[in-house]
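query-v2.pdb (PDB, C-alpha atoms, pLDDT in the B column)
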ATOM      1  CA  MET A  36      -3.574  -1.903 -27.686  1.00 45.00           C
ATOM      2  CA  TYR A  37      -4.485  -0.538 -24.269  1.00 40.00           C
ATOM      3  CA  THR A  38      -7.863   0.450 -22.924  1.00 42.00           C
ATOM      4  CA  SER A  39      -8.629   2.595 -19.929  1.00 39.00           C
ATOM      5  CA  MET A  40     -11.149   1.645 -17.271  1.00 39.00           C
ATOM      6  CA  ALA A  41     -11.655   3.962 -14.304  1.00 43.00           C
ATOM      7  CA  GLY A  42      -8.161   5.366 -14.776  1.00 44.00           C
ATOM      8  CA  VAL A  43      -6.506   1.917 -14.999  1.00 41.00           C
ATOM      9  CA  LEU A  44      -4.694   1.083 -18.213  1.00 41.00           C
ATOM     10  CA  LEU A  45      -5.300  -2.497 -19.337  1.00 40.00           C
ATOM     11  CA  SER A  46      -3.771  -4.416 -22.212  1.00 42.00           C
ATOM     12  CA  ASP A  47      -6.396  -5.863 -24.588  1.00 47.00           C
ATOM     13  CA  GLY A  48      -7.502  -9.290 -23.487  1.00 46.00           C
ATOM     14  CA  VAL A  49      -6.042  -8.947 -19.981  1.00 40.00           C
ATOM     15  CA  SER A  50      -8.180  -8.177 -17.003  1.00 38.00           C
ATOM     16  CA  ALA A  51      -6.806  -6.476 -13.918  1.00 40.00           C
ATOM     17  CA  CYS A  52      -6.914  -9.835 -12.102  1.00 40.00           C
ATOM     18  CA  ASP A  53      -5.385 -12.143 -14.744  1.00 40.00           C
ATOM     19  CA  ASP A  54      -2.316 -14.036 -13.565  1.00 38.00           C
ATOM     20  CA  ALA A  55      -2.274 -12.215 -10.269  1.00 35.00           C
ATOM     21  CA  SER A  56      -2.667 -13.613  -6.812  1.00 35.00           C
ATOM     22  CA  MET A  57      -3.789 -11.221  -4.131  1.00 32.00           C
ATOM     23  CA  PRO A  58      -1.135 -10.846  -1.434  1.00 35.00           C
ATOM     24  CA  THR A  59      -2.057 -10.961   2.192  1.00 42.00           C
ATOM     25  CA  PRO A  60      -1.925  -7.479   3.731  1.00 36.00           C
ATOM     26  CA  GLY A  61       1.304  -7.355   5.728  1.00 53.00           C
ATOM     27  CA  THR A  62       1.194  -9.399   8.869  1.00 67.00           C
ATOM     28  CA  SER A  63      -2.034  -8.035  10.276  1.00 85.00           C
ATOM     29  CA  LEU A  64      -4.128 -10.442  12.292  1.00 90.00           C
ATOM     30  CA  PRO A  65      -7.767 -11.399  11.789  1.00 94.00           C
ATOM     31  CA  ALA A  66     -10.071 -10.774  14.751  1.00 96.00           C
ATOM     32  CA  ALA A  67     -10.106 -14.429  15.869  1.00 96.00           C
ATOM     33  CA  LEU A  68      -6.301 -14.459  16.247  1.00 95.00           C
ATOM     34  CA  ILE A  69      -5.942 -11.253  18.291  1.00 97.00           C
ATOM     35  CA  PRO A  70      -4.436 -12.414  21.605  1.00 97.00           C
ATOM     36  CA  ASP A  71      -6.301 -11.947  24.877  1.00 98.00           C
ATOM     37  CA  CYS A  72      -3.702 -10.323  27.122  1.00 98.00           C
ATOM     38  CA  THR A  73      -5.847  -9.880  30.210  1.00 98.00           C
ATOM     39  CA  LYS A  74      -3.178 -11.653  32.283  1.00 98.00           C
ATOM     40  CA  PRO A  75       0.191  -9.821  32.483  1.00 97.00           C
ATOM     41  CA  GLU A  76       2.141 -12.957  31.500  1.00 98.00           C
ATOM     42  CA  ALA A  77       0.017 -13.291  28.350  1.00 97.00           C
ATOM     43  CA  HIS A  78       0.759  -9.644  27.504  1.00 97.00           C
ATOM     44  CA  ARG A  79       4.510 -10.145  27.954  1.00 97.00           C
ATOM     45  CA  ALA A  80       4.489 -13.313  25.828  1.00 96.00           C
ATOM     46  CA  ALA A  81       2.433 -11.720  23.032  1.00 96.00           C
ATOM     47  CA  TYR A  82       4.647  -8.609  22.989  1.00 96.00           C
ATOM     48  CA  ARG A  83       7.807 -10.748  22.830  1.00 96.00           C
ATOM     49  CA  SER A  84       6.262 -12.719  19.977  1.00 93.00           C
ATOM     50  CA  ALA A  85       5.407  -9.543  18.024  1.00 92.00           C
ATOM     51  CA  LYS A  86       8.891  -8.179  18.646  1.00 93.00           C
ATOM     52  CA  SER A  87      10.593 -11.374  17.446  1.00 92.00           C
ATOM     53  CA  ALA A  88       8.332 -11.375  14.355  1.00 90.00           C
ATOM     54  CA  ASP A  89       9.160  -7.665  13.811  1.00 90.00           C
ATOM     55  CA  THR A  90       5.471  -6.776  13.584  1.00 91.00           C
ATOM     56  CA  ILE A  91       3.073  -4.309  15.179  1.00 93.00           C
ATOM     57  CA  PHE A  92       1.838  -5.615  18.537  1.00 95.00           C
ATOM     58  CA  VAL A  93      -1.911  -5.904  19.018  1.00 97.00           C
ATOM     59  CA  CYS A  94      -4.024  -7.353  21.815  1.00 98.00           C
ATOM     60  CA  ILE A  95      -7.281  -7.130  23.677  1.00 98.00           C
ATOM     61  CA  ALA A  96      -7.680  -7.311  27.456  1.00 98.00           C
ATOM     62  CA  ARG A  97     -10.626  -7.500  29.824  1.00 98.00           C
ATOM     63  CA  GLN A  98     -10.942  -4.537  32.180  1.00 96.00           C
ATOM     64  CA  GLY A  99     -13.741  -5.229  34.627  1.00 96.00           C
ATOM     65  CA  SER A 100     -16.828  -5.941  32.545  1.00 97.00           C
ATOM     66  CA  ARG A 101     -15.444  -4.145  29.463  1.00 98.00           C
ATOM     67  CA  TRP A 102     -12.556  -4.633  27.016  1.00 98.00           C
ATOM     68  CA  LYS A 103      -9.487  -2.688  25.927  1.00 98.00           C
ATOM     69  CA  VAL A 104      -7.579  -2.695  22.613  1.00 98.00           C
ATOM     70  CA  GLU A 105      -3.847  -1.981  22.497  1.00 98.00           C
ATOM     71  CA  LEU A 106      -1.554  -1.559  19.476  1.00 97.00           C
ATOM     72  CA  ASP A 107       2.141  -0.769  19.713  1.00 96.00           C
ATOM     73  CA  ALA A 108       4.347  -0.202  16.658  1.00 94.00           C
ATOM     74  CA  PHE A 109       7.474   0.062  18.840  1.00 94.00           C
ATOM     75  CA  SER A 110       7.605  -3.747  18.720  1.00 93.00           C
ATOM     76  CA  SER A 111       8.697  -3.504  15.083  1.00 92.00           C
ATOM     77  CA  THR A 112      11.495  -1.783  13.220  1.00 90.00           C
ATOM     78  CA  GLY A 113       9.303  -0.265  10.501  1.00 86.00           C
ATOM     79  CA  PRO A 114       9.047   3.488   9.966  1.00 87.00           C
ATOM     80  CA  THR A 115       6.860   5.712  12.087  1.00 86.00           C
ATOM     81  CA  ILE A 116       3.504   6.361  10.507  1.00 85.00           C
ATOM     82  CA  PRO A 117       3.478  10.010   9.368  1.00 84.00           C
ATOM     83  CA  LYS A 118       1.107  12.507  10.965  1.00 85.00           C
ATOM     84  CA  GLN A 119      -1.116  12.629   7.874  1.00 84.00           C
ATOM     85  CA  ALA A 120      -1.714   8.875   8.156  1.00 84.00           C
ATOM     86  CA  ALA A 121      -2.144   8.996  11.932  1.00 89.00           C
ATOM     87  CA  ASP A 122      -4.880  11.597  11.351  1.00 93.00           C
ATOM     88  CA  VAL A 123      -6.902   8.877   9.566  1.00 92.00           C
ATOM     89  CA  LEU A 124      -6.626   6.625  12.622  1.00 94.00           C
ATOM     90  CA  GLN A 125      -7.502   9.563  14.907  1.00 95.00           C
ATOM     91  CA  SER A 126     -10.643  10.280  12.877  1.00 96.00           C
ATOM     92  CA  ALA A 127     -11.748   6.646  13.170  1.00 96.00           C
ATOM     93  CA  VAL A 128     -11.218   6.735  16.931  1.00 95.00           C
ATOM     94  CA  GLU A 129     -13.228   9.963  17.198  1.00 96.00           C
ATOM     95  CA  VAL A 130     -16.169   8.286  15.428  1.00 97.00           C
ATOM     96  CA  LEU A 131     -16.005   5.329  17.850  1.00 97.00           C
ATOM     97  CA  VAL A 132     -16.015   7.704  20.819  1.00 96.00           C
ATOM     98  CA  SER A 133     -18.798   9.925  19.458  1.00 96.00           C
ATOM     99  CA  ASP A 134     -21.091   6.967  18.732  1.00 97.00           C
ATOM    100  CA  GLY A 135     -20.460   5.458  22.179  1.00 96.00           C
ATOM    101  CA  THR A 136     -18.690   2.301  20.985  1.00 97.00           C
ATOM    102  CA  VAL A 137     -15.714   3.259  23.152  1.00 97.00           C
ATOM    103  CA  THR A 138     -15.424   5.762  25.975  1.00 95.00           C
ATOM    104  CA  GLN A 139     -11.762   6.758  25.756  1.00 95.00           C
ATOM    105  CA  ALA A 140      -8.697   6.413  23.564  1.00 95.00           C
ATOM    106  CA  ASN A 141      -5.080   7.487  23.346  1.00 94.00           C
ATOM    107  CA  ILE A 142      -3.538   7.618  19.902  1.00 92.00           C
ATOM    108  CA  SER A 143      -0.146   8.478  18.457  1.00 88.00           C
ATOM    109  CA  PRO A 144       1.576   7.363  15.251  1.00 85.00           C
ATOM    110  CA  ASP A 145       3.175   4.446  17.135  1.00 91.00           C
ATOM    111  CA  TYR A 146       0.702   3.560  19.875  1.00 95.00           C
ATOM    112  CA  ILE A 147      -3.077   3.216  20.181  1.00 96.00           C
ATOM    113  CA  SER A 148      -5.087   2.349  23.276  1.00 98.00           C
ATOM    114  CA  ILE A 149      -8.889   2.180  23.089  1.00 98.00           C
ATOM    115  CA  TRP A 150     -11.011   1.131  26.047  1.00 97.00           C
ATOM    116  CA  ALA A 151     -14.342   0.524  27.672  1.00 97.00           C
ATOM    117  CA  ILE A 152     -15.576  -1.556  24.751  1.00 98.00           C
ATOM    118  CA  GLU A 153     -18.717  -3.474  25.630  1.00 97.00           C
ATOM    119  CA  THR A 154     -17.965  -6.940  24.187  1.00 98.00           C
ATOM    120  CA  GLU A 155     -14.958  -9.097  23.437  1.00 98.00           C
ATOM    121  CA  GLN A 156     -16.172  -9.566  19.854  1.00 98.00           C
ATOM    122  CA  LYS A 157     -16.360  -5.798  19.264  1.00 98.00           C
ATOM    123  CA  ALA A 158     -12.890  -5.365  20.824  1.00 98.00           C
ATOM    124  CA  ARG A 159     -11.508  -8.036  18.475  1.00 98.00           C
ATOM    125  CA  GLU A 160     -13.176  -6.373  15.472  1.00 98.00           C
ATOM    126  CA  ILE A 161     -11.725  -2.964  16.371  1.00 98.00           C
ATOM    127  CA  ALA A 162      -8.275  -4.432  17.124  1.00 98.00           C
ATOM    128  CA  ALA A 163      -8.138  -6.277  13.795  1.00 97.00           C
ATOM    129  CA  ALA A 164      -9.267  -3.208  11.841  1.00 96.00           C
ATOM    130  CA  PHE A 165      -6.734  -0.871  13.459  1.00 96.00           C
ATOM    131  CA  HIS A 166      -3.958  -3.465  13.142  1.00 95.00           C
ATOM    132  CA  ALA A 167      -4.661  -3.829   9.414  1.00 94.00           C
ATOM    133  CA  ALA A 168      -4.886  -0.035   9.036  1.00 93.00           C
ATOM    134  CA  MET A 169      -1.548   0.564  10.790  1.00 92.00           C
ATOM    135  CA  HIS A 170       0.128  -2.052   8.586  1.00 90.00           C
ATOM    136  CA  GLY A 171      -1.495  -0.674   5.461  1.00 89.00           C
ATOM    137  CA  LEU A 172      -0.633   2.941   6.227  1.00 89.00           C
ATOM    138  CA  ARG A 173       2.944   1.956   6.994  1.00 88.00           C
ATOM    139  CA  GLN A 174       3.213   0.036   3.702  1.00 87.00           C
ATOM    140  CA  LEU A 175       1.686   2.953   1.792  1.00 87.00           C
ATOM    141  CA  TYR A 176       4.153   5.358   3.409  1.00 85.00           C
ATOM    142  CA  ILE A 177       7.078   3.093   2.430  1.00 85.00           C
ATOM    143  CA  ALA A 178       5.847   2.942  -1.172  1.00 89.00           C
ATOM    144  CA  VAL A 179       4.829   6.604  -1.413  1.00 86.00           C
ATOM    145  CA  PRO A 180       6.811   8.717   1.079  1.00 77.00           C
ATOM    146  CA  VAL A 181       5.027  11.810   2.308  1.00 69.00           C
ATOM    147  CA  PRO A 182       7.062  14.987   1.726  1.00 71.00           C
ATOM    148  CA  ARG A 183       8.314  16.549   4.951  1.00 62.00           C
ATOM    149  CA  GLU A 184       6.824  19.917   5.838  1.00 60.00           C
ATOM    150  CA  GLY A 185       9.109  22.886   5.237  1.00 55.00           C
ATOM    151  CA  GLY A 186      11.377  21.065   2.803  1.00 47.00           C
TER     152      GLY A 186
END
Spell out the structure here as structure tokens.
Amino acid sequence: MYTSMAGVLLSDGVSACDDASMPTPGTSLPAALIPDCTKPEAHRAAYRSAKSADTIFVCIARQGSRWKVELDAFSSTGPTIPKQAADVLQSAVEVLVSDGTVTQANISPDYISIWAIETEQKAREIAAAFHAAMHGLRQLYIAVPVPREGG
């Protein structure tokens, strides 16, 4: 017999978490492991490492007294994040700009640059969140392709 809980069908006696281990979300990095690419040689090495691991590149870098976040999906062979998913990232960036956390940002489905962040810790937090989001949106798009407009 099956029971429904919040739209999830469960077999009697089995919880949603029984016999399941939670997978790690893609290859996104936690804040503490985001590389500091302030020096050009560190940037080159981190980008090469992301490329060889076939993952989305992410780093932080000091710019004067502030910090910058950079993400680049061109370092991996995964699909481009569709516009609908990129809109989610754009909305998050707009909130960060409007509340003064960052002063400027460039965003596309494959590249994000956010700068003038006050502290290294905040830059790491933002970098980790956007890295996880890009991985998650890409995985969601692979599992549930978005229909192309006009087709």
| task | Taking (-15.6, 3.4, 22.9) in the file's own coordinates, collect the residues within 12 Å, counting all atoms listed in the file, and hand them back as a ChimeraX atom specification. | result | /A:101-104,127-141,148-154,157-158,161
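If you apply the PyMOL selection byres ((chain A and resi 165-173) around 7) to this structure, you end up with Gly61, Ser63, Val93, Pro114, Ile116, Ala120, Ile161, Ala162, Ala163, Ala164, Gln174, Leu175, Tyr176 and Ile177 of chain A.
Comparing A:Ile147, A:Ala80, A:Ala85, A:Cys94 by their smallest distance to Ala67 (chain A), the closest is A:Cys94 (using all atoms listed in the file).
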| query | Expressed in Å to a single decimal, how great is the separation between CA of Asp107 (chain A) and CA of Asp145 (chain A)? | reply | 5.9 Å
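Put simply, CA of Pro144 (chain A) is 20.2 Å away from CA of Glu160 (chain A).
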| request: Could you jot down the CA of Ile142 (chain A) to CA of Ala108 (chain A) separation for me, Å, one decimal place? | output: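 It comes out at 11.6 Å.
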| task | Can you work out which one of A:Leu124, A:Ile95, A:Ala178, A:Cys72 has the shortest atom-to-atom distance to Arg159 (chain A), counting all atoms listed in the file? | result | A:Ile95
| query | Quick one: of A:Arg83, A:Ala66, A:Pro180, A:Ser100, who's nearest to Thr115 (chain A), counting all atoms listed in the file? | reply |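 Closest candidate: A:Pro180.
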| query | Any idea what's packed within 12 Å of Thr112 (chain A), counting all atoms listed in the file, ignoring anything in its chain fewer than 6 positions away? Could you give it as a PyMOL selection string? | reply | chain A and resi 85-92+145+173
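Taking all atoms listed in the file into account, Val123 (chain A) lies nearest to A:Ser143 out of the set A:Arg79, A:Ala96, A:Ser110, A:Ser143.
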